[in-house]
file protein-v7.cif (mmCIF, C-alpha atoms)
data_data
#
loop_
_atom_site.label_atom_id
_atom_site.label_comp_id
_atom_site.auth_asym_id
_atom_site.auth_seq_id
_atom_site.Cartn_x
_atom_site.Cartn_y
_atom_site.Cartn_z
CA MET A 1 -305.64 81.26 128.36
CA THR A 2 -302.77 80.27 126.05
CA TRP A 3 -303.70 77.83 123.28
CA LYS A 4 -301.45 74.73 123.31
CA ALA A 5 -300.00 72.72 120.45
CA ASN A 6 -298.31 69.52 121.67
CA ILE A 7 -296.44 67.32 119.20
CA LEU A 8 -294.97 63.82 119.50
CA THR A 9 -292.46 63.34 116.69
CA LEU A 10 -289.34 61.49 115.56
CA TYR A 11 -287.88 64.79 114.35
CA PRO A 12 -288.20 67.40 117.11
CA ASP A 13 -285.53 69.66 115.60
CA ILE A 14 -287.91 70.48 112.73
CA TYR A 15 -289.95 72.67 115.06
CA PRO A 16 -290.92 75.44 115.30
CA GLY A 17 -289.64 75.83 111.73
CA TYR A 18 -292.26 77.56 109.62
CA LEU A 19 -294.44 78.10 112.68
CA GLY A 20 -291.82 80.43 114.13
CA TYR A 21 -292.13 82.99 111.32
CA SER A 22 -294.47 85.81 110.32
CA LEU A 23 -297.74 86.25 112.20
CA LEU A 24 -297.63 82.76 113.72
CA GLY A 25 -294.13 83.39 115.08
CA LYS A 26 -295.14 86.74 116.55
CA ALA A 27 -298.16 85.12 118.17
CA LEU A 28 -295.85 82.46 119.64
CA GLU A 29 -293.62 85.18 121.10
CA LYS A 30 -296.66 86.93 122.55
CA LYS A 31 -297.74 83.62 124.12
CA ILE A 32 -301.07 83.64 122.30
CA TRP A 33 -300.17 80.00 121.72
CA GLU A 34 -297.40 77.71 122.94
CA LEU A 35 -295.56 74.80 121.33
CA ASN A 36 -294.55 71.67 123.26
CA ILE A 37 -292.39 69.12 121.41
CA TYR A 38 -291.67 65.55 122.51
CA ASN A 39 -289.19 63.12 120.93
CA LEU A 40 -290.64 59.67 120.24
CA ARG A 41 -287.11 58.32 119.86
CA ASP A 42 -286.58 58.85 123.61
CA PHE A 43 -288.87 55.85 124.13
CA GLY A 44 -287.17 53.61 121.56
CA GLU A 45 -285.59 50.22 122.28
CA GLY A 46 -281.95 49.18 122.31
CA LYS A 47 -278.80 50.91 121.21
CA HIS A 48 -280.44 52.45 118.15
CA LYS A 49 -283.65 53.49 119.93
CA THR A 50 -285.78 51.47 117.53
CA VAL A 51 -289.46 52.43 117.41
CA ASP A 52 -290.82 50.31 114.54
CA ASP A 53 -291.20 46.72 113.34
CA LYS A 54 -292.51 44.73 110.38
CA PRO A 55 -296.30 44.55 109.89
CA PHE A 56 -298.14 41.34 110.74
CA GLY A 57 -299.52 39.75 107.59
CA GLY A 58 -296.62 40.98 105.48
CA GLY A 59 -296.34 43.99 103.28
CA ALA A 60 -293.92 46.81 102.57
CA GLY A 61 -292.67 49.28 105.13
CA MET A 62 -292.56 49.36 108.89
CA ILE A 63 -295.12 50.14 111.60
CA ILE A 64 -294.51 52.19 114.76
CA LYS A 65 -294.89 49.78 117.68
CA PRO A 66 -297.88 50.14 120.01
CA ASP A 67 -295.98 49.61 123.27
CA ILE A 68 -293.41 52.28 122.45
CA LEU A 69 -295.92 54.77 121.07
CA GLY A 70 -298.37 54.06 123.88
CA ASP A 71 -295.73 54.67 126.55
CA ALA A 72 -294.68 57.88 124.81
CA ILE A 73 -298.26 59.14 124.65
CA ALA A 74 -298.89 58.32 128.31
CA GLU A 75 -295.66 59.92 129.55
CA THR A 76 -295.86 63.08 127.45
CA LEU A 77 -299.18 64.05 125.89
CA ILE A 78 -301.50 62.54 128.49
CA LYS A 79 -299.35 63.24 131.53
CA ASN A 80 -298.79 66.89 130.62
CA HIS A 81 -301.68 67.76 128.33
CA ASP A 82 -304.68 65.57 129.12
CA GLN A 83 -307.06 68.44 128.34
CA GLN A 84 -306.06 68.60 124.67
CA LYS A 85 -307.64 66.33 122.06
CA LEU A 86 -305.33 63.68 120.61
CA VAL A 87 -305.03 63.76 116.80
CA TYR A 88 -303.20 61.55 114.31
CA LEU A 89 -302.63 63.11 110.88
CA SER A 90 -303.27 60.28 108.42
CA PRO A 91 -304.46 59.99 104.79
CA LYS A 92 -307.14 57.54 105.97
CA GLY A 93 -308.62 60.05 108.39
CA LYS A 94 -311.58 62.41 108.10
CA PRO A 95 -310.88 65.27 105.64
CA PHE A 96 -309.78 68.45 107.40
CA LYS A 97 -312.00 71.42 106.59
CA GLN A 98 -312.23 75.07 107.56
CA VAL A 99 -315.03 74.30 110.01
CA ASP A 100 -312.64 71.89 111.79
CA ALA A 101 -309.98 74.59 112.02
CA GLU A 102 -312.56 76.89 113.60
CA LYS A 103 -313.58 74.18 116.07
CA PHE A 104 -310.00 73.54 117.17
CA SER A 105 -309.28 77.28 117.45
CA GLN A 106 -312.14 77.55 119.94
CA SER A 107 -310.73 74.74 122.10
CA ASN A 108 -307.77 74.96 124.49
CA GLY A 109 -305.37 73.26 122.07
CA VAL A 110 -304.48 69.96 120.39
CA SER A 111 -301.98 67.11 120.75
CA ILE A 112 -300.59 65.69 117.50
CA LEU A 113 -299.05 62.31 116.70
CA CYS A 114 -296.68 62.53 113.73
CA GLY A 115 -296.55 59.15 112.06
CA HIS A 116 -293.81 57.74 109.83
CA PHE A 117 -293.01 54.66 107.76
CA GLU A 118 -296.30 52.85 106.98
CA GLY A 119 -298.10 54.32 109.96
CA ILE A 120 -298.87 53.37 113.55
CA ASP A 121 -300.37 50.28 115.15
CA GLN A 122 -304.18 50.46 115.06
CA ARG A 123 -304.44 49.47 118.72
CA VAL A 124 -302.96 52.81 119.78
CA ILE A 125 -305.67 54.63 117.83
CA ASP A 126 -308.37 52.50 119.43
CA ILE A 127 -307.10 52.51 123.02
CA TYR A 128 -306.34 56.22 123.23
CA GLU A 129 -309.39 57.26 121.16
CA VAL A 130 -307.23 59.15 118.69
CA GLU A 131 -309.03 61.24 116.07
CA GLU A 132 -307.63 60.58 112.60
CA ILE A 133 -307.53 63.61 110.32
CA SER A 134 -306.50 63.77 106.66
CA MET A 135 -304.93 66.88 105.15
CA GLY A 136 -305.69 65.71 101.61
CA ASP A 137 -305.93 62.80 99.21
CA TYR A 138 -302.21 62.17 99.00
CA VAL A 139 -299.47 60.50 101.05
CA LEU A 140 -296.58 62.28 102.77
CA THR A 141 -293.37 60.80 104.14
CA GLY A 142 -294.23 61.90 107.67
CA GLY A 143 -296.74 63.80 109.73
CA GLU A 144 -294.51 66.79 110.39
CA VAL A 145 -295.25 68.57 107.10
CA ALA A 146 -298.95 67.94 107.61
CA SER A 147 -298.75 69.31 111.15
CA PHE A 148 -297.49 72.67 109.85
CA ALA A 149 -300.51 73.08 107.57
CA PHE A 150 -302.89 71.78 110.23
CA LEU A 151 -301.62 74.16 112.91
CA ASP A 152 -301.36 77.13 110.54
CA ALA A 153 -305.04 76.81 109.64
CA ILE A 154 -305.99 76.77 113.32
CA ILE A 155 -303.59 79.24 114.93
CA ARG A 156 -304.33 82.04 112.46
CA LEU A 157 -307.91 81.98 113.76
CA LEU A 158 -306.91 82.57 117.38
CA PRO A 159 -307.86 86.01 118.72
CA GLY A 160 -305.03 88.49 118.26
CA VAL A 161 -303.08 86.57 115.62
CA LEU A 162 -304.31 88.19 112.39
CA GLY A 163 -305.63 91.34 113.99
CA ASN A 164 -308.46 91.64 111.44
CA GLU A 165 -311.56 89.53 112.01
CA ILE A 166 -313.18 90.86 108.82
CA SER A 167 -310.48 89.25 106.67
CA ILE A 168 -311.24 85.88 108.26
CA LYS A 169 -314.97 86.17 107.53
CA ASP A 170 -314.33 86.91 103.83
CA GLU A 171 -311.91 84.05 103.20
CA SER A 172 -312.32 80.95 101.05
CA PHE A 173 -314.75 78.32 102.38
CA SER A 174 -316.85 80.86 104.26
CA ASP A 175 -320.43 80.25 103.10
CA ASN A 176 -319.12 77.21 101.17
CA LEU A 177 -317.51 79.42 98.53
CA LEU A 178 -313.96 80.04 97.37
CA GLU A 179 -312.67 83.57 97.72
CA TYR A 180 -313.24 86.18 95.01
CA PRO A 181 -310.27 87.68 93.03
CA GLN A 182 -308.23 90.37 94.80
CA TYR A 183 -306.49 93.41 93.29
CA THR A 184 -304.23 96.26 94.45
CA LYS A 185 -302.17 99.09 92.89
CA PRO A 186 -301.28 99.77 90.12
CA GLN A 187 -304.72 99.97 88.51
CA GLU A 188 -303.30 98.65 85.26
CA TYR A 189 -300.66 95.92 84.97
CA LYS A 190 -299.49 94.52 81.61
CA ASN A 191 -302.60 95.91 79.89
CA ILE A 192 -304.95 94.31 82.41
CA LYS A 193 -307.07 96.77 84.36
CA VAL A 194 -308.68 96.38 87.76
CA PRO A 195 -312.46 95.79 87.32
CA ASP A 196 -314.28 99.14 87.32
CA VAL A 197 -316.73 98.05 89.99
CA LEU A 198 -313.93 97.83 92.57
CA LEU A 199 -313.09 101.48 91.93
CA SER A 200 -316.69 102.69 92.03
CA GLY A 201 -317.05 103.15 95.77
CA ASN A 202 -320.46 101.43 95.58
CA HIS A 203 -320.15 98.88 98.37
CA GLU A 204 -323.40 97.12 97.48
CA LYS A 205 -322.27 96.59 93.89
CA ILE A 206 -318.81 95.51 95.05
CA ALA A 207 -320.32 92.93 97.43
CA GLU A 208 -322.57 91.65 94.63
CA TRP A 209 -319.63 91.37 92.20
CA ARG A 210 -317.49 89.56 94.76
CA ARG A 211 -320.19 86.99 95.50
CA GLU A 212 -320.79 86.37 91.79
CA LYS A 213 -317.05 85.83 91.26
CA SER A 214 -316.86 83.53 94.28
CA ILE A 215 -319.64 81.36 92.89
CA GLU A 216 -318.04 81.39 89.42
CA ILE A 217 -314.64 80.28 90.79
CA THR A 218 -316.22 77.66 93.03
CA GLU A 219 -318.23 76.21 90.13
CA LYS A 220 -315.02 75.92 88.13
CA ASN A 221 -312.59 74.62 90.77
CA ARG A 222 -314.69 73.05 93.53
CA PRO A 223 -318.22 72.26 92.32
CA ASP A 224 -318.60 69.82 95.21
CA LEU A 225 -318.86 72.78 97.58
CA LEU A 226 -321.98 74.03 95.81
CA LYS A 227 -323.99 70.94 96.76
CA ASP A 228 -324.97 72.85 99.89
CA LYS A 229 -328.55 74.00 99.35
CA ASN A 230 -327.84 77.24 101.18
CA THR A 231 -325.44 78.42 98.46
CA LYS A 232 -327.40 80.48 95.98
CA LYS A 233 -326.58 83.03 93.33
#
call {"tool": "encode", "arguments": {"input": "protein-v7.cif", "output": "structure tokens"}}
result
Amino acid sequence: MTWKANILTLYPDIYPGYLGYSLLGKALEKKIWELNIYNLRDFGEGKHKTVDDKPFGGGAGMIIKPDILGDAIAETLIKNHDQQKLVYLSPKGKPFKQVDAEKFSQSNGVSILCGHFEGIDQRVIDIYEVEEISMGDYVLTGGEVASFAFLDAIIRLLPGVLGNEISIKDESFSDNLLEYPQYTKPQEYKNIKVPDVLLSGNHEKIAEWRREKSIEITEKNRPDLLKDKNTKK
């Protein structure tokens, strides 16, 4: 079954963009996954197809209106893709982690709301039971950029996309550790040599070295990941 990515956006011409290149693009051509784009502006009001208004209670920015967004969701994402989970990429959502990417890759797809301005009316999130997901502790101008990262993390895990399941198992965040350093030819570059253990052919020693380096890098860059009791030297 083809995995589906359905996107409701104010900027449909952005897609497939990055998603149409490299391994993701080849997987799209092979129909390992499909991309369905819907233009929120088609549901806008008046001559200028307005989709937003000022927030109640005052404040800067504009909010995407619930009636317009709700109609758009009903007529596109729900009408055509009611089997896919509805997600809103928002800095106030639950942090997106590798385990979430794995979960979505094992589903039949996802439907994404790309917000803009100061966000969307909360009633849409409540009524349509939208899952809010954050791609990091920062704010972007719109959800489109976030959707590229979100979908990349998921699609690369689909069977047949990378073509090497071993590489997936050894990546960062597997076993709550960041990935160990990687090296290739030449063996010496600007007076820095590849660690001898990687040239030894001793797979047990190599595995031990890689785990030690993973723990060392994780302790330095992401000590929060080591709070898991199952992570041991």
call {"tool": "atom_distance", "arguments": {"input": "protein-v7.cif", "atom1": "atom CA of A:Gly44", "atom2": "atom CA of A:Ile7"}}
result
16.7 Å
call {"tool": "closest_residue", "arguments": {"input": "protein-v7.cif", "among": "A:Lys94, A:Lys220, A:His116, A:Lys103", "to": "A:Thr9", "atoms": "all atoms listed in the file"}}
result
A:His116
call {"tool": "atom_distance", "arguments": {"input": "protein-v7.cif", "atom1": "atom CA of A:Asp67", "atom2": "atom CA of A:Arg123"}}
result
9.6 Å
call {"tool": "closest_residue", "arguments": {"input": "protein-v7.cif", "among": "A:Gly143, A:Gly20, A:Gly160, A:Gly57", "to": "A:Gly115", "atoms": "all atoms listed in the file"}}
result
A:Gly143
call {"tool": "closest_residue", "arguments": {"input": "protein-v7.cif", "among": "A:Lys65, A:Lys4, A:Lys213, A:Lys185", "to": "A:His81", "atoms": "only C-alpha atoms"}}
result
A:Lys4
call {"tool": "closest_residue", "arguments": {"input": "protein-v7.cif", "among": "A:Val197, A:Leu226, A:Ala101, A:Ile120", "to": "A:Ile63", "atoms": "all atoms listed in the file"}}
result
A:Ile120
call {"tool": "atom_distance", "arguments": {"input": "protein-v7.cif", "atom1": "atom CA of A:Val51", "atom2": "atom CA of A:Ala74"}}
result
15.6 Å
call {"tool": "residues_around", "arguments": {"input": "protein-v7.cif", "residues": "A:Ile155", "least_positions_apart": "6", "cutoff": "12 Å", "atoms": "only C-alpha atoms", "output": "ChimeraX atom specification"}}
result
/A:2-5,19-20,23-28,31-35,101-110,147-149,161-162
call {"tool": "resolve_selection", "arguments": {"input": "protein-v7.cif", "expression": "the PyMOL selection byres ((chain A and resi 131) around 9)", "output": "ChimeraX atom specification"}}
result
/A:85-89,93-94,125,129-130,132-133
call {"tool": "closest_residue", "arguments": {"input": "protein-v7.cif", "among": "A:Asn6, A:Ser90, A:Thr76, A:Asn36", "to": "A:Gln122", "atoms": "all atoms listed in the file"}}
result
A:Ser90
call {"tool": "axis_aligned_box", "arguments": {"input": "protein-v7.cif", "around": "stretch 101-107 of chain A", "padding_each_side": "5 Å", "output": "JSON"}}
result
{"center_x": -311.4, "center_y": 75.5, "center_z": 117.1, "size_x": 14.3, "size_y": 14.0, "size_z": 20.1}
call {"tool": "closest_residue", "arguments": {"input": "protein-v7.cif", "among": "A:Phe56, A:Asp82, A:Val145, A:Glu45", "to": "A:Ile14", "atoms": "all atoms listed in the file"}}
result
A:Val145
call {"tool": "residues_near_point", "arguments": {"input": "protein-v7.cif", "point": "(-297.2, 58.0, 124.6)", "cutoff": "10 Å", "atoms": "only C-alpha atoms", "output": "list of chain:residue names"}}
result
A:Leu8, A:Tyr38, A:Leu40, A:Phe43, A:Pro66, A:Asp67, A:Ile68, A:Leu69, A:Gly70, A:Asp71, A:Ala72, A:Ile73, A:Ala74, A:Glu75, A:Thr76, A:Leu77, A:Ile78, A:Lys79, A:Leu113, A:Val124, A:Tyr128
call {"tool": "resolve_selection", "arguments": {"input": "protein-v7.cif", "expression": "the PyMOL selection byres ((chain A and resi 61) around 10)", "output": "list in words"}}
result
Asp52, Asp53, Lys54, Pro55, Gly58, Gly59, Ala60, Met62, Ile63, His116, Phe117, Glu118 and Gly119 of chain A
call {"tool": "write_last_selection", "arguments": {"input": "protein-v7.cif", "atoms": "C-alpha atoms", "output": "PDB file, keeping the file's coordinate frame"}}
result
ATOM      1  CA  ASP A  52    -290.820  50.310 114.540  1.00  0.00           C
ATOM      2  CA  ASP A  53    -291.200  46.720 113.340  1.00  0.00           C
ATOM      3  CA  LYS A  54    -292.510  44.730 110.380  1.00  0.00           C
ATOM      4  CA  PRO A  55    -296.300  44.550 109.890  1.00  0.00           C
ATOM      5  CA  GLY A  58    -296.620  40.980 105.480  1.00  0.00           C
ATOM      6  CA  GLY A  59    -296.340  43.990 103.280  1.00  0.00           C
ATOM      7  CA  ALA A  60    -293.920  46.810 102.570  1.00  0.00           C
ATOM      8  CA  MET A  62    -292.560  49.360 108.890  1.00  0.00           C
ATOM      9  CA  ILE A  63    -295.120  50.140 111.600  1.00  0.00           C
ATOM     10  CA  HIS A 116    -293.810  57.740 109.830  1.00  0.00           C
ATOM     11  CA  PHE A 117    -293.010  54.660 107.760  1.00  0.00           C
ATOM     12  CA  GLU A 118    -296.300  52.850 106.980  1.00  0.00           C
ATOM     13  CA  GLY A 119    -298.100  54.320 109.960  1.00  0.00           C
TER      14      GLY A 119
END
call {"tool": "residues_around", "arguments": {"input": "protein-v7.cif", "residues": "A:Trp209", "least_positions_apart": "2", "cutoff": "12 Å", "atoms": "only C-alpha atoms", "output": "list in words"}}
result
Glu179, Tyr180, Pro181, Gln182, Pro195, Asp196, Val197, Leu198, Ser200, Asn202, His203, Glu204, Lys205, Ile206, Ala207, Arg211, Glu212, Lys213, Ser214, Ile215, Glu216 and Lys233 of chain A
call {"tool": "decode", "arguments": {"input": "protein-v7.cif", "residues": "stretch 109-158 of chain A", "atoms": "C-alpha atoms", "output": "PDB file, in the first residue's frame"}}
result
ATOM      1  CA  GLY A 109       0.214   8.186   6.045  1.00  0.00           C
ATOM      2  CA  VAL A 110      -0.409  11.618   7.577  1.00  0.00           C
ATOM      3  CA  SER A 111      -2.358  14.805   6.839  1.00  0.00           C
ATOM      4  CA  ILE A 112      -0.587  18.074   7.671  1.00  0.00           C
ATOM      5  CA  LEU A 113      -1.941  21.547   8.393  1.00  0.00           C
ATOM      6  CA  CYS A 114       0.611  24.245   7.552  1.00  0.00           C
ATOM      7  CA  GLY A 115      -0.084  27.256   9.719  1.00  0.00           C
ATOM      8  CA  HIS A 116       0.906  30.872   9.087  1.00  0.00           C
ATOM      9  CA  PHE A 117       0.723  34.295  10.735  1.00  0.00           C
ATOM     10  CA  GLU A 118       0.189  33.785  14.502  1.00  0.00           C
ATOM     11  CA  GLY A 119      -1.351  30.353  14.070  1.00  0.00           C
ATOM     12  CA  ILE A 120      -4.801  28.822  13.752  1.00  0.00           C
ATOM     13  CA  ASP A 121      -7.973  29.133  15.811  1.00  0.00           C
ATOM     14  CA  GLN A 122      -7.868  26.719  18.765  1.00  0.00           C
ATOM     15  CA  ARG A 123     -11.392  25.488  18.038  1.00  0.00           C
ATOM     16  CA  VAL A 124     -10.202  23.772  14.866  1.00  0.00           C
ATOM     17  CA  ILE A 125      -7.606  21.855  16.868  1.00  0.00           C
ATOM     18  CA  ASP A 126     -10.221  20.812  19.416  1.00  0.00           C
ATOM     19  CA  ILE A 127     -13.054  19.921  17.031  1.00  0.00           C
ATOM     20  CA  TYR A 128     -10.976  17.929  14.566  1.00  0.00           C
ATOM     21  CA  GLU A 129      -8.763  16.351  17.262  1.00  0.00           C
ATOM     22  CA  VAL A 130      -5.603  17.615  15.594  1.00  0.00           C
ATOM     23  CA  GLU A 131      -2.294  16.387  17.012  1.00  0.00           C
ATOM     24  CA  GLU A 132       0.107  19.285  17.558  1.00  0.00           C
ATOM     25  CA  ILE A 133       3.753  18.463  16.895  1.00  0.00           C
ATOM     26  CA  SER A 134       6.793  20.692  17.403  1.00  0.00           C
ATOM     27  CA  MET A 135       9.906  20.377  15.258  1.00  0.00           C
ATOM     28  CA  GLY A 136      12.015  22.301  17.770  1.00  0.00           C
ATOM     29  CA  ASP A 137      12.171  25.123  20.283  1.00  0.00           C
ATOM     30  CA  TYR A 138      12.038  27.909  17.729  1.00  0.00           C
ATOM     31  CA  VAL A 139       9.458  29.708  15.593  1.00  0.00           C
ATOM     32  CA  LEU A 140       9.211  29.551  11.796  1.00  0.00           C
ATOM     33  CA  THR A 141       7.298  31.835   9.451  1.00  0.00           C
ATOM     34  CA  GLY A 142       5.121  28.963   8.253  1.00  0.00           C
ATOM     35  CA  GLY A 143       4.564  25.255   8.522  1.00  0.00           C
ATOM     36  CA  GLU A 144       5.887  24.404   5.072  1.00  0.00           C
ATOM     37  CA  VAL A 145       9.561  24.348   6.057  1.00  0.00           C
ATOM     38  CA  ALA A 146       8.701  22.237   9.089  1.00  0.00           C
ATOM     39  CA  SER A 147       6.708  19.843   6.911  1.00  0.00           C
ATOM     40  CA  PHE A 148       9.792  19.079   4.799  1.00  0.00           C
ATOM     41  CA  ALA A 149      11.796  18.017   7.859  1.00  0.00           C
ATOM     42  CA  PHE A 150       8.837  16.155   9.342  1.00  0.00           C
ATOM     43  CA  LEU A 151       8.160  14.165   6.169  1.00  0.00           C
ATOM     44  CA  ASP A 152      11.842  13.536   5.438  1.00  0.00           C
ATOM     45  CA  ALA A 153      12.288  11.895   8.846  1.00  0.00           C
ATOM     46  CA  ILE A 154       9.299   9.625   8.196  1.00  0.00           C
ATOM     47  CA  ILE A 155       9.555   8.778   4.499  1.00  0.00           C
ATOM     48  CA  ARG A 156      13.200   7.683   4.683  1.00  0.00           C
ATOM     49  CA  LEU A 157      12.044   4.918   7.036  1.00  0.00           C
ATOM     50  CA  LEU A 158       9.529   3.474   4.581  1.00  0.00           C
TER      51      LEU A 158
END
